[in-house]
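Asks: Dropping in query-v1.txt, with compact mmCIF, C-alpha atoms and all ligand atoms.
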```txt
# COMPACT_ATOMS: atom_id res chain seq x y z
CA MET A 81 -27.02 61.71 42.07
CA MET A 82 -25.22 60.54 45.17
CA PHE A 83 -21.74 61.47 43.90
CA LYS A 84 -20.49 63.80 41.16
CA GLN A 85 -17.52 61.64 40.21
CA ILE A 86 -16.49 58.15 41.34
CA THR A 87 -13.12 56.61 40.55
CA ILE A 88 -12.82 52.83 40.72
CA ILE A 89 -9.26 51.56 40.82
CA GLY A 90 -8.93 47.96 39.61
CA PHE A 91 -11.64 47.22 37.09
CA GLY A 92 -11.96 43.45 37.48
CA LEU A 93 -14.97 41.41 38.55
CA ILE A 94 -15.82 43.56 41.58
CA GLY A 95 -14.76 46.96 40.19
CA SER A 96 -16.65 46.48 36.93
CA SER A 97 -19.73 45.11 38.74
CA LEU A 98 -19.72 48.24 40.89
CA ALA A 99 -19.48 50.46 37.80
CA ARG A 100 -22.45 48.63 36.28
CA ALA A 101 -24.44 48.99 39.53
CA ILE A 102 -23.58 52.73 39.70
CA GLN A 103 -24.79 53.15 36.12
CA LYS A 104 -27.91 51.06 36.65
CA HIS A 105 -28.98 53.01 39.74
CA GLY A 106 -27.71 56.44 38.57
CA LEU A 107 -25.42 56.98 41.57
CA ALA A 108 -22.81 59.22 39.88
CA GLU A 109 -22.55 61.74 37.07
CA LYS A 110 -19.17 60.38 36.00
CA ILE A 111 -17.24 57.13 36.52
CA ILE A 112 -13.46 57.09 36.06
CA CYS A 113 -11.53 53.84 35.71
CA GLY A 114 -7.98 53.59 37.06
CA ASP A 115 -6.23 50.34 36.15
CA VAL A 116 -2.55 49.60 35.56
CA SER A 117 -3.44 47.46 32.58
CA GLN A 118 -3.93 49.29 29.26
CA GLU A 119 -5.80 46.26 27.99
CA VAL A 120 -8.29 46.50 30.89
CA CYS A 121 -8.70 50.26 30.23
CA ASN A 122 -9.45 49.58 26.55
CA THR A 123 -12.03 46.92 27.45
CA VAL A 124 -13.68 49.23 30.00
CA LEU A 125 -14.07 51.95 27.36
CA SER A 126 -15.35 49.56 24.70
CA LEU A 127 -17.93 48.21 27.18
CA LYS A 128 -18.85 51.85 28.05
CA LEU A 129 -18.37 51.15 31.76
CA ALA A 130 -16.61 54.47 32.47
CA ASN A 131 -16.35 58.01 31.06
CA ALA A 132 -12.55 57.79 31.08
CA ALA A 133 -10.00 55.04 31.74
CA LEU A 134 -6.45 55.80 32.82
CA THR A 135 -3.38 53.74 33.63
CA ASP A 136 -2.02 56.65 35.67
CA LEU A 137 -3.77 55.95 38.98
CA ALA A 138 -2.78 59.28 40.57
CA VAL A 139 -4.43 61.21 37.73
CA SER A 140 -7.52 58.98 37.79
CA VAL A 141 -8.59 60.21 41.27
CA LYS A 142 -8.36 63.95 40.51
CA GLY A 143 -11.68 65.67 41.34
CA SER A 144 -13.46 62.49 42.51
CA ASP A 145 -15.57 62.61 45.65
CA LEU A 146 -15.56 58.81 46.03
CA VAL A 147 -12.61 56.51 45.25
CA ILE A 148 -13.02 52.74 45.56
CA LEU A 149 -9.97 50.51 45.63
CA SER A 150 -10.76 47.18 43.98
CA VAL A 151 -7.28 45.76 43.47
CA PRO A 152 -5.83 42.59 45.08
CA VAL A 153 -5.44 42.97 48.87
CA GLY A 154 -1.62 43.03 48.71
CA LYS A 155 -1.69 46.10 46.42
CA MET A 156 -3.99 48.36 48.50
CA GLY A 157 -1.20 50.19 50.41
CA GLU A 158 0.85 50.83 47.28
CA VAL A 159 -2.17 52.22 45.42
CA MET A 160 -3.20 54.40 48.38
CA GLU A 161 0.30 55.88 48.55
CA LYS A 162 0.24 56.63 44.80
CA ILE A 163 -3.14 58.40 44.79
CA ALA A 164 -2.86 60.24 48.16
CA PRO A 165 -1.38 63.55 46.85
CA ASN A 166 -4.23 63.96 44.32
CA LEU A 167 -7.18 63.18 46.57
CA LYS A 168 -9.76 65.94 46.87
CA GLU A 169 -10.37 67.53 50.30
CA GLY A 170 -13.43 65.82 51.85
CA ALA A 171 -13.29 62.82 49.48
CA ILE A 172 -14.20 59.35 50.71
CA VAL A 173 -11.85 56.46 49.91
CA SER A 174 -13.12 52.93 50.41
CA ASP A 175 -12.05 49.45 49.35
CA VAL A 176 -13.64 46.08 48.62
CA GLY A 177 -10.78 43.84 49.80
CA SER A 178 -11.53 40.43 51.29
CA VAL A 179 -9.28 41.14 54.32
CA LYS A 180 -9.78 44.18 56.53
CA LYS A 181 -7.19 44.49 59.34
CA GLU A 182 -4.16 44.35 57.05
CA VAL A 183 -5.75 46.61 54.40
CA ILE A 184 -6.32 49.25 57.11
CA ASN A 185 -2.70 48.80 58.31
CA GLN A 186 -1.35 49.21 54.78
CA THR A 187 -3.47 52.20 53.76
CA GLN A 188 -3.99 54.21 56.97
CA LYS A 189 -0.56 55.82 57.02
CA HIS A 190 -1.07 57.29 53.54
CA VAL A 191 -4.56 58.78 54.04
CA PRO A 192 -4.20 62.59 53.86
CA GLU A 193 -5.79 64.95 56.37
CA GLY A 194 -9.35 65.84 55.32
CA VAL A 195 -9.93 62.57 53.45
CA HIS A 196 -12.17 59.86 54.95
CA PHE A 197 -11.11 56.23 54.64
CA ILE A 198 -13.74 53.54 55.28
CA ALA A 199 -12.80 49.93 54.69
CA GLY A 200 -15.50 47.70 53.23
CA HIS A 201 -16.12 44.22 51.87
CA PRO A 202 -19.06 43.17 49.71
CA ILE A 203 -19.79 39.51 50.46
CA ALA A 204 -20.49 38.74 46.84
CA GLY A 205 -18.42 37.30 44.04
CA THR A 206 -17.88 34.55 41.53
CA GLU A 207 -14.87 32.50 40.47
CA PHE A 208 -14.44 34.70 37.36
CA SER A 209 -12.14 37.71 36.92
CA GLY A 210 -11.78 40.75 34.70
CA PRO A 211 -14.07 43.55 33.44
CA GLU A 212 -16.17 41.26 31.22
CA ALA A 213 -17.07 39.05 34.19
CA GLY A 214 -18.93 41.74 36.15
CA PHE A 215 -22.69 42.32 36.34
CA ALA A 216 -24.82 45.02 38.00
CA GLU A 217 -26.87 42.62 40.14
CA LEU A 218 -23.85 41.04 41.88
CA PHE A 219 -24.45 42.93 45.16
CA GLU A 220 -28.24 42.61 45.31
CA ASP A 221 -29.51 40.96 48.52
CA ARG A 222 -25.91 40.34 49.60
CA TRP A 223 -24.19 41.68 52.70
CA CYS A 224 -21.63 44.43 52.57
CA ILE A 225 -19.50 44.73 55.71
CA LEU A 226 -18.08 48.14 56.63
CA THR A 227 -15.28 48.34 59.19
CA PRO A 228 -14.90 52.02 60.12
CA GLN A 229 -12.40 53.03 62.80
CA ASP A 230 -13.05 55.04 65.97
CA HIS A 231 -11.96 58.28 64.29
CA THR A 232 -14.03 57.75 61.11
CA GLU A 233 -16.61 60.51 60.65
CA LEU A 234 -20.18 59.25 61.07
CA LYS A 235 -21.38 61.27 58.05
CA ALA A 236 -18.95 59.43 55.77
CA VAL A 237 -20.06 56.04 57.15
CA GLU A 238 -23.68 57.01 56.52
CA LYS A 239 -22.85 58.01 52.96
CA MET A 240 -21.12 54.67 52.26
CA THR A 241 -24.03 52.83 53.86
CA LYS A 242 -26.47 54.62 51.52
CA PHE A 243 -24.21 53.92 48.55
CA TRP A 244 -24.10 50.16 49.15
CA GLU A 245 -27.81 50.06 49.94
CA ALA A 246 -28.47 51.75 46.59
CA CYS A 247 -26.44 48.94 44.96
CA GLY A 248 -28.88 46.47 46.59
CA SER A 249 -26.79 45.35 49.57
CA ASN A 250 -27.58 44.96 53.26
CA ILE A 251 -25.05 46.61 55.57
CA GLU A 252 -23.33 45.26 58.65
CA ILE A 253 -20.79 47.28 60.64
CA MET A 254 -18.10 45.42 62.60
CA GLY A 255 -14.50 45.61 63.74
CA PRO A 256 -11.81 44.63 61.19
CA GLY A 257 -10.39 41.82 63.36
CA HIS A 258 -13.83 40.30 63.84
CA HIS A 259 -14.47 40.53 60.08
CA ASP A 260 -11.23 38.65 59.36
CA LEU A 261 -12.10 35.84 61.78
CA VAL A 262 -15.67 35.40 60.49
CA LEU A 263 -14.57 35.48 56.84
CA GLY A 264 -11.69 33.16 57.75
CA ILE A 265 -14.23 30.41 58.45
CA THR A 266 -16.95 31.27 55.90
CA SER A 267 -14.78 32.04 52.91
CA HIS A 268 -11.02 31.68 53.34
CA LEU A 269 -10.91 28.18 54.86
CA PRO A 270 -13.35 26.72 52.26
CA HIS A 271 -11.14 28.11 49.49
CA LEU A 272 -8.05 26.60 51.10
CA ILE A 273 -9.77 23.20 51.39
CA ALA A 274 -10.94 23.39 47.75
CA TYR A 275 -7.43 24.27 46.54
CA THR A 276 -6.05 21.33 48.59
CA ILE A 277 -8.55 18.72 47.36
CA VAL A 278 -8.21 19.69 43.72
CA GLY A 279 -4.42 19.87 44.17
CA THR A 280 -4.40 16.34 45.64
CA ALA A 281 -6.39 15.07 42.63
CA ASN A 282 -3.96 16.85 40.31
CA ASP A 283 -1.04 14.97 41.88
CA LEU A 284 -2.61 11.55 41.27
CA GLU A 285 -1.25 9.21 38.61
CA ASP A 286 -2.60 10.00 35.13
CA ASP A 287 -4.98 7.02 34.87
CA ILE A 288 -6.72 7.79 38.20
CA LYS A 289 -6.74 11.51 37.42
CA SER A 290 -8.66 10.96 34.17
CA GLU A 291 -11.28 8.93 36.07
CA VAL A 292 -11.58 11.65 38.72
CA ILE A 293 -12.42 14.11 35.95
CA LYS A 294 -14.76 11.64 34.21
CA PHE A 295 -16.76 10.85 37.37
CA SER A 296 -16.67 14.30 38.92
CA ALA A 297 -20.47 14.71 38.96
CA SER A 298 -20.61 14.91 42.75
CA GLY A 299 -18.75 16.87 45.48
CA PHE A 300 -15.44 17.15 43.63
CA ARG A 301 -17.00 19.23 40.85
CA ASP A 302 -18.17 21.87 43.36
CA PHE A 303 -14.65 22.05 44.80
CA THR A 304 -13.18 22.59 41.31
CA ARG A 305 -15.47 25.60 40.84
CA ILE A 306 -14.16 27.23 44.02
CA ALA A 307 -10.57 26.22 43.21
CA ALA A 308 -10.86 27.96 39.82
CA SER A 309 -10.86 31.35 41.65
CA ASP A 310 -8.21 33.93 40.85
CA PRO A 311 -4.79 32.81 42.19
CA THR A 312 -3.47 36.38 42.75
CA MET A 313 -6.50 37.39 44.78
CA TRP A 314 -6.37 34.27 46.95
CA ARG A 315 -2.61 34.33 47.45
CA ASP A 316 -3.03 37.85 48.84
CA VAL A 317 -5.97 36.85 51.05
CA PHE A 318 -3.94 34.12 52.78
CA LEU A 319 -0.78 36.22 53.11
CA ASN A 320 -2.78 39.09 54.62
CA ASN A 321 -5.17 37.18 56.88
CA LYS A 322 -2.49 34.88 58.23
CA GLU A 323 -3.41 35.06 61.94
CA ALA A 324 -7.15 34.35 61.60
CA VAL A 325 -6.67 31.66 58.93
CA LEU A 326 -4.04 29.82 61.01
CA GLU A 327 -6.31 29.92 64.06
CA ILE A 328 -9.31 28.54 62.14
CA LEU A 329 -7.08 25.97 60.43
CA GLN A 330 -5.89 24.71 63.85
CA ARG A 331 -9.51 24.12 64.94
CA PHE A 332 -10.33 22.51 61.61
CA SER A 333 -7.36 20.09 61.91
CA GLU A 334 -8.54 19.06 65.39
CA ASP A 335 -12.08 18.37 64.11
CA LEU A 336 -10.69 16.45 61.14
CA THR A 337 -8.55 14.33 63.47
CA ALA A 338 -11.67 13.55 65.58
CA LEU A 339 -13.52 12.36 62.44
CA GLN A 340 -10.46 10.35 61.39
CA ARG A 341 -10.44 8.64 64.80
CA ALA A 342 -14.20 7.91 64.59
CA ILE A 343 -13.76 6.26 61.18
CA ARG A 344 -10.81 4.19 62.45
CA LYS A 345 -12.76 3.11 65.55
CA GLN A 346 -15.93 2.40 63.54
CA ASP A 347 -17.75 4.96 65.73
CA GLY A 348 -20.92 5.36 63.63
CA ASP A 349 -22.78 7.28 66.33
CA TYR A 350 -20.13 10.01 66.38
CA LEU A 351 -20.14 10.30 62.59
CA TYR A 352 -23.96 10.39 62.40
CA LYS A 353 -24.22 13.03 65.14
CA SER A 354 -21.57 15.24 63.48
CA PHE A 355 -23.18 15.01 60.03
CA ALA A 356 -26.72 15.65 61.38
CA GLU A 357 -25.55 18.79 63.22
CA THR A 358 -23.95 20.28 60.11
CA ARG A 359 -27.21 19.83 58.19
CA ASP A 360 -28.80 22.32 60.61
CA ILE A 361 -26.25 24.96 59.54
CA ARG A 362 -27.39 24.57 55.92
CA SER A 363 -30.97 25.00 57.00
CA ALA A 364 -30.07 28.16 59.00
CA ILE A 365 -28.32 29.64 55.91
CA VAL A 366 -31.46 29.01 53.81
CA ASP A 367 -33.61 30.60 56.56
CA ALA A 368 -31.30 33.65 56.54
CA GLY A 369 -32.01 34.09 52.79
CA GLN A 370 -28.39 33.36 51.80
CA ALA A 371 -29.15 30.18 49.79
CA ASP A 372 -31.91 28.84 47.56
CA PRO A 373 -34.76 27.33 49.67
CA GLU A 374 -35.38 24.83 46.84
CA ASP A 375 -32.08 23.14 47.76
CA MET A 376 -33.43 22.32 51.20
CA LYS A 377 -36.44 20.46 49.79
CA LEU A 378 -34.03 18.01 48.20
CA ILE A 379 -32.47 17.18 51.54
CA LYS A 380 -34.21 14.28 53.28
CA LYS A 381 -35.04 14.96 56.93
CA THR A 382 -32.88 12.97 59.34
CA ASP A 383 -35.18 12.93 62.34
P1 LIG B 1 -9.92 40.83 39.42
O1 LIG B 1 -11.13 40.50 38.61
O2 LIG B 1 -8.67 40.05 39.20
O3 LIG B 1 -9.61 42.38 39.23
C1 LIG B 1 -8.55 43.07 39.80
C2 LIG B 1 -8.18 44.22 38.87
O4 LIG B 1 -7.21 45.05 39.51
C3 LIG B 1 -7.57 43.75 37.55
O5 LIG B 1 -8.08 44.50 36.49
C4 LIG B 1 -6.09 44.02 37.78
O6 LIG B 1 -5.36 44.22 36.57
C5 LIG B 1 -6.15 45.28 38.58
N1 LIG B 1 -4.91 45.54 39.31
C6 LIG B 1 -4.04 44.66 39.85
N2 LIG B 1 -3.04 45.31 40.50
C7 LIG B 1 -3.30 46.62 40.34
C8 LIG B 1 -2.64 47.81 40.74
N3 LIG B 1 -1.53 47.78 41.46
N4 LIG B 1 -3.19 48.99 40.38
C9 LIG B 1 -4.33 49.07 39.67
N5 LIG B 1 -5.00 47.97 39.23
C10 LIG B 1 -4.49 46.78 39.56
O7 LIG B 1 -10.23 40.76 40.97
P2 LIG B 1 -11.61 40.95 41.77
O8 LIG B 1 -12.21 39.62 41.96
O9 LIG B 1 -12.40 42.02 41.16
O10 LIG B 1 -11.03 41.39 43.19
C11 LIG B 1 -10.75 42.75 43.50
C12 LIG B 1 -10.81 42.93 45.01
O11 LIG B 1 -12.11 42.53 45.46
C13 LIG B 1 -9.81 42.09 45.79
O12 LIG B 1 -9.27 42.86 46.83
C14 LIG B 1 -10.65 40.97 46.38
O13 LIG B 1 -10.13 40.53 47.62
C15 LIG B 1 -12.00 41.65 46.54
N6 LIG B 1 -13.17 40.76 46.48
C16 LIG B 1 -13.25 39.78 45.57
C17 LIG B 1 -14.38 38.95 45.53
C18 LIG B 1 -14.49 37.83 44.51
O14 LIG B 1 -15.28 36.91 44.69
N7 LIG B 1 -13.75 37.87 43.42
C19 LIG B 1 -15.42 39.15 46.43
C20 LIG B 1 -15.33 40.21 47.34
C21 LIG B 1 -14.20 41.01 47.36
P3 LIG B 1 -4.61 42.95 35.90
O15 LIG B 1 -5.69 42.09 35.36
O16 LIG B 1 -3.75 43.57 34.87
O17 LIG B 1 -3.83 42.27 37.01
```
Would you write out, as structure tokens, the structure that this file holds?
Ligand code: NAP

Replies:
Amino acid sequence: MMFKQITIIGFGLIGSSLARAIQKHGLAEKIICGDVSQEVCNTVLSLKLANAALTDLAVSVKGSDLVILSVPVGKMGEVMEKIAPNLKEGAIVSDVGSVKKEVINQTQKHVPEGVHFIAGHPIAGTEFSGPEAGFAELFEDRWCILTPQDHTELKAVEKMTKFWEACGSNIEIMGPGHHDLVLGITSHLPHLIAYTIVGTANDLEDDIKSEVIKFSASGFRDFTRIAASDPTMWRDVFLNNKEAVLEILQRFSEDLTALQRAIRKQDGDYLYKSFAETRDIRSAIVDAGQADPEDMKLIKKTD
């Protein structure tokens, strides 16, 4: 057993997947659920995902040697403040939030002496929410990024590394600001674009809108999957990764304007070159084991 008792606060998709992974790999003697929703607590107990489920978050961390915060990014500071007085000396507190700099800013001031805080982010998820949506294999062969600070004890970082590895993840350590910029382009911007495209379709007149839904077999359907993601989680991501998202968005707008100009000027060479280059990125993602190689076989070679 890696830990005697683990408390997971926020038992949604990520929290409940972690509980399932902990159970599957036998990483703790006891799992405690802390969630403000009584309904979530009842579901967690009926699914046998935890030994106890409490709506009183402060009580839920008593005696735990690992506490994982899995609530929306905007709630991390508030939760940390609530649980701080009951944290055990030597305990590790970590989180799974999709933004790192702001989560550290919000939580750091409440971390008591003798408790180790290590921010983390599993790069794994689906568009579904809640305790029923989780599954133990969610983190397998996925990256988990840890963003310890200069003062974080090495032993605690090693323990969290082992924990995520036992859940099936590969670990990368980086600075929180760098994390936010990288995830700004790979995750946050794509979600913003998906929300915009689906929102634009939603604003169309009723007759066109029904045809968009009817003929949505191609790209639009993939955007609707991403745009079905939890609105609370994504509102908090954009409010808390404002700087990086605005910077990436500025670059994106410039590139979009260049494509717009090429279409207006009938510049086929520019369009072809841009589209051929982006195909290489897809191929690199498949080579890195982050997408199904079968997909690549379907793509006709350009040169
Ligand atoms: P989720 O399925 O919506 O679960 C969040 C859970 O936290 C819900 O049970 C929610 O209860 C509970 N909660 C909300 N506010 C709380 C509070 N103040 N105290 C205690 N519990 C609270 O969300 P999720 O997808 O698991 O996301 C959780 C975290 O993981 C977020 O920080 C997100 O950025 C991060 N993350 C998500 C993904 C993804 O793809 N979904 C991937 C990586 C990381 P209610 O239902 O009653 O609101």

Asks: Between A:Val195, A:Ala171, A:Ala132, A:Met313, which one has atoms that come closest to ligand LIG 1 (chain B), using all atoms listed in the file?

Replies: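 Checking each candidate against ligand LIG 1 (chain B), we get A:Met313 as the closest.
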
Asks: Let me make sure I understand: among A:Asp136, A:Gln330, A:Glu193, A:Ala99, which one has the smallest atom-to-atom distance to Ala164 of chain A if we use all atoms listed in the file?

Replies: A:Glu193

Asks: Pick the closest to Glu327 of chain A from A:Lys84, A:His268, A:His105, A:Lys242: which is it, counting all atoms listed in the file?

Replies: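 Distance minimum relative to Glu327 of chain A lands on A:His268.
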
Asks: Point out the residue among A:Gln340, A:Thr187, A:Ser249, A:Gln118 with the least atom-to-atom distance to ligand LIG 1 (chain B), counting only C-alpha atoms and all ligand atoms.

Replies: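 Closest to ligand LIG 1 (chain B) of all the choices is A:Gln118.
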
Asks: I'd like the contact shell of segment 335-338 of chain A - 12 Å cut-off, all atoms listed in the file, skipping same-chain residues fewer than 5 positions apart - returned as JSON, numbers by chain.

Replies: {"A": [273, 328, 329, 330, 343, 344, 345, 347, 350, 351, 354]}

Asks: With C-alpha atoms retained, write the just-selected residues as a PDB file, in the coordinates of the input.

Replies:
```
ATOM      1  CA  ILE A 273      -9.770  23.200  51.390  1.00  0.00           C
ATOM      2  CA  ILE A 328      -9.310  28.540  62.140  1.00  0.00           C
ATOM      3  CA  LEU A 329      -7.080  25.970  60.430  1.00  0.00           C
ATOM      4  CA  GLN A 330      -5.890  24.710  63.850  1.00  0.00           C
ATOM      5  CA  ILE A 343     -13.760   6.260  61.180  1.00  0.00           C
ATOM      6  CA  ARG A 344     -10.810   4.190  62.450  1.00  0.00           C
ATOM      7  CA  LYS A 345     -12.760   3.110  65.550  1.00  0.00           C
ATOM      8  CA  ASP A 347     -17.750   4.960  65.730  1.00  0.00           C
ATOM      9  CA  TYR A 350     -20.130  10.010  66.380  1.00  0.00           C
ATOM     10  CA  LEU A 351     -20.140  10.300  62.590  1.00  0.00           C
ATOM     11  CA  SER A 354     -21.570  15.240  63.480  1.00  0.00           C
TER      12      SER A 354
END
```

Asks: Name the closest residue to ligand LIG 1 (chain B) among the candidates A:Ile265, A:Val176, A:Leu134, A:Leu319; distances are taken between atoms, counting all atoms listed in the file.

Replies: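 Selected residue with least distance to ligand LIG 1 (chain B): A:Val176.
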
Asks: Determine the nearest neighbour of Lys322 of chain A from the options A:Pro211, A:Gly257, A:Pro373, A:Gly279, counting all atoms listed in the file.

Replies: A:Gly257

Asks: Write out as a PyMOL selection string which residues come within 9 Å of Pro256 of chain A when counting all atoms listed in the file, dropping same-chain ones fewer than 2 positions away.

Replies: chain A and resi 179-182+184+199+226-229+254+258-261

Asks: Find the distance between atom P2 of ligand LIG 1 (chain B) and atom CA of Ser209 of chain A and write it in Å to one decimal.

Replies: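 So the answer is 5.9 Å.
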
Asks: Counting only C-alpha atoms, select every polymer residue within 9 Å of (-26.3, 45.0, 38.8) as defined in the file's coordinates, and provide the selection as a PyMOL selection string.

Replies: chain A and resi 97-105+214-220+247-248

Asks: Output C-alpha atoms for every residue in that selection, as a short mmCIF file (atom, residue, chain, number, x, y, z; two decimals), in the frame of the given file.

Replies:
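Below you can see out20.cif, which holds the result:
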```
data_model
loop_
_atom_site.label_atom_id
_atom_site.label_comp_id
_atom_site.auth_asym_id
_atom_site.auth_seq_id
_atom_site.Cartn_x
_atom_site.Cartn_y
_atom_site.Cartn_z
CA SER A 97 -19.73 45.11 38.74
CA LEU A 98 -19.72 48.24 40.89
CA ALA A 99 -19.48 50.46 37.80
CA ARG A 100 -22.45 48.63 36.28
CA ALA A 101 -24.44 48.99 39.53
CA ILE A 102 -23.58 52.73 39.70
CA GLN A 103 -24.79 53.15 36.12
CA LYS A 104 -27.91 51.06 36.65
CA HIS A 105 -28.98 53.01 39.74
CA GLY A 214 -18.93 41.74 36.15
CA PHE A 215 -22.69 42.32 36.34
CA ALA A 216 -24.82 45.02 38.00
CA GLU A 217 -26.87 42.62 40.14
CA LEU A 218 -23.85 41.04 41.88
CA PHE A 219 -24.45 42.93 45.16
CA GLU A 220 -28.24 42.61 45.31
CA CYS A 247 -26.44 48.94 44.96
CA GLY A 248 -28.88 46.47 46.59
#
```

Asks: Quick one: segment 210-217 of chain A with all heavy atoms, as a PDB file, keeping the file's coordinate frame?

Replies:
```pdb
ATOM      1  N   GLY A 210     -11.867  39.840  35.839  1.00  0.00           N
ATOM      2  CA  GLY A 210     -11.780  40.750  34.700  1.00  0.00           C
ATOM      3  C   GLY A 210     -13.055  41.548  34.458  1.00  0.00           C
ATOM      4  O   GLY A 210     -14.118  41.215  34.974  1.00  0.00           O
ATOM      5  N   PRO A 211     -12.931  42.645  33.651  1.00  0.00           N
ATOM      6  CA  PRO A 211     -14.070  43.550  33.440  1.00  0.00           C
ATOM      7  C   PRO A 211     -15.265  42.926  32.733  1.00  0.00           C
ATOM      8  O   PRO A 211     -16.389  43.363  32.915  1.00  0.00           O
ATOM      9  CB  PRO A 211     -13.472  44.692  32.611  1.00  0.00           C
ATOM     10  CG  PRO A 211     -12.196  44.190  32.067  1.00  0.00           C
ATOM     11  CD  PRO A 211     -11.706  43.113  32.974  1.00  0.00           C
ATOM     12  N   GLU A 212     -15.032  41.890  31.920  1.00  0.00           N
ATOM     13  CA  GLU A 212     -16.170  41.260  31.220  1.00  0.00           C
ATOM     14  C   GLU A 212     -17.002  40.405  32.157  1.00  0.00           C
ATOM     15  O   GLU A 212     -18.156  40.104  31.879  1.00  0.00           O
ATOM     16  CB  GLU A 212     -15.681  40.359  30.061  1.00  0.00           C
ATOM     17  CG  GLU A 212     -15.176  41.115  28.858  1.00  0.00           C
ATOM     18  CD  GLU A 212     -13.673  41.031  28.760  1.00  0.00           C
ATOM     19  OE1 GLU A 212     -13.027  40.789  29.811  1.00  0.00           O
ATOM     20  OE2 GLU A 212     -13.154  41.238  27.653  1.00  0.00           O
ATOM     21  N   ALA A 213     -16.395  40.000  33.287  1.00  0.00           N
ATOM     22  CA  ALA A 213     -17.070  39.050  34.190  1.00  0.00           C
ATOM     23  C   ALA A 213     -18.104  39.716  35.097  1.00  0.00           C
ATOM     24  O   ALA A 213     -18.943  39.037  35.692  1.00  0.00           O
ATOM     25  CB  ALA A 213     -16.026  38.329  35.041  1.00  0.00           C
ATOM     26  N   GLY A 214     -18.057  41.053  35.196  1.00  0.00           N
ATOM     27  CA  GLY A 214     -18.930  41.740  36.150  1.00  0.00           C
ATOM     28  C   GLY A 214     -20.377  41.834  35.698  1.00  0.00           C
ATOM     29  O   GLY A 214     -20.687  41.700  34.517  1.00  0.00           O
ATOM     30  N   PHE A 215     -21.277  42.060  36.657  1.00  0.00           N
ATOM     31  CA  PHE A 215     -22.690  42.320  36.340  1.00  0.00           C
ATOM     32  C   PHE A 215     -23.296  43.167  37.464  1.00  0.00           C
ATOM     33  O   PHE A 215     -22.905  43.067  38.632  1.00  0.00           O
ATOM     34  CB  PHE A 215     -23.475  41.010  36.121  1.00  0.00           C
ATOM     35  CG  PHE A 215     -23.338  39.987  37.218  1.00  0.00           C
ATOM     36  CD1 PHE A 215     -24.337  39.848  38.167  1.00  0.00           C
ATOM     37  CD2 PHE A 215     -22.213  39.176  37.305  1.00  0.00           C
ATOM     38  CE1 PHE A 215     -24.227  38.908  39.179  1.00  0.00           C
ATOM     39  CE2 PHE A 215     -22.085  38.239  38.311  1.00  0.00           C
ATOM     40  CZ  PHE A 215     -23.089  38.089  39.260  1.00  0.00           C
ATOM     41  N   ALA A 216     -24.259  44.009  37.081  1.00  0.00           N
ATOM     42  CA  ALA A 216     -24.820  45.020  38.000  1.00  0.00           C
ATOM     43  C   ALA A 216     -25.528  44.425  39.204  1.00  0.00           C
ATOM     44  O   ALA A 216     -25.592  45.047  40.259  1.00  0.00           O
ATOM     45  CB  ALA A 216     -25.787  45.918  37.233  1.00  0.00           C
ATOM     46  N   GLU A 217     -26.044  43.200  39.062  1.00  0.00           N
ATOM     47  CA  GLU A 217     -26.870  42.620  40.140  1.00  0.00           C
ATOM     48  C   GLU A 217     -26.038  41.860  41.171  1.00  0.00           C
ATOM     49  O   GLU A 217     -26.591  41.295  42.114  1.00  0.00           O
ATOM     50  CB  GLU A 217     -27.920  41.661  39.534  1.00  0.00           C
ATOM     51  CG  GLU A 217     -28.922  42.335  38.615  1.00  0.00           C
ATOM     52  CD  GLU A 217     -28.337  42.701  37.252  1.00  0.00           C
ATOM     53  OE1 GLU A 217     -27.359  42.050  36.827  1.00  0.00           O
ATOM     54  OE2 GLU A 217     -28.835  43.665  36.622  1.00  0.00           O
TER      55      GLU A 217
END
```
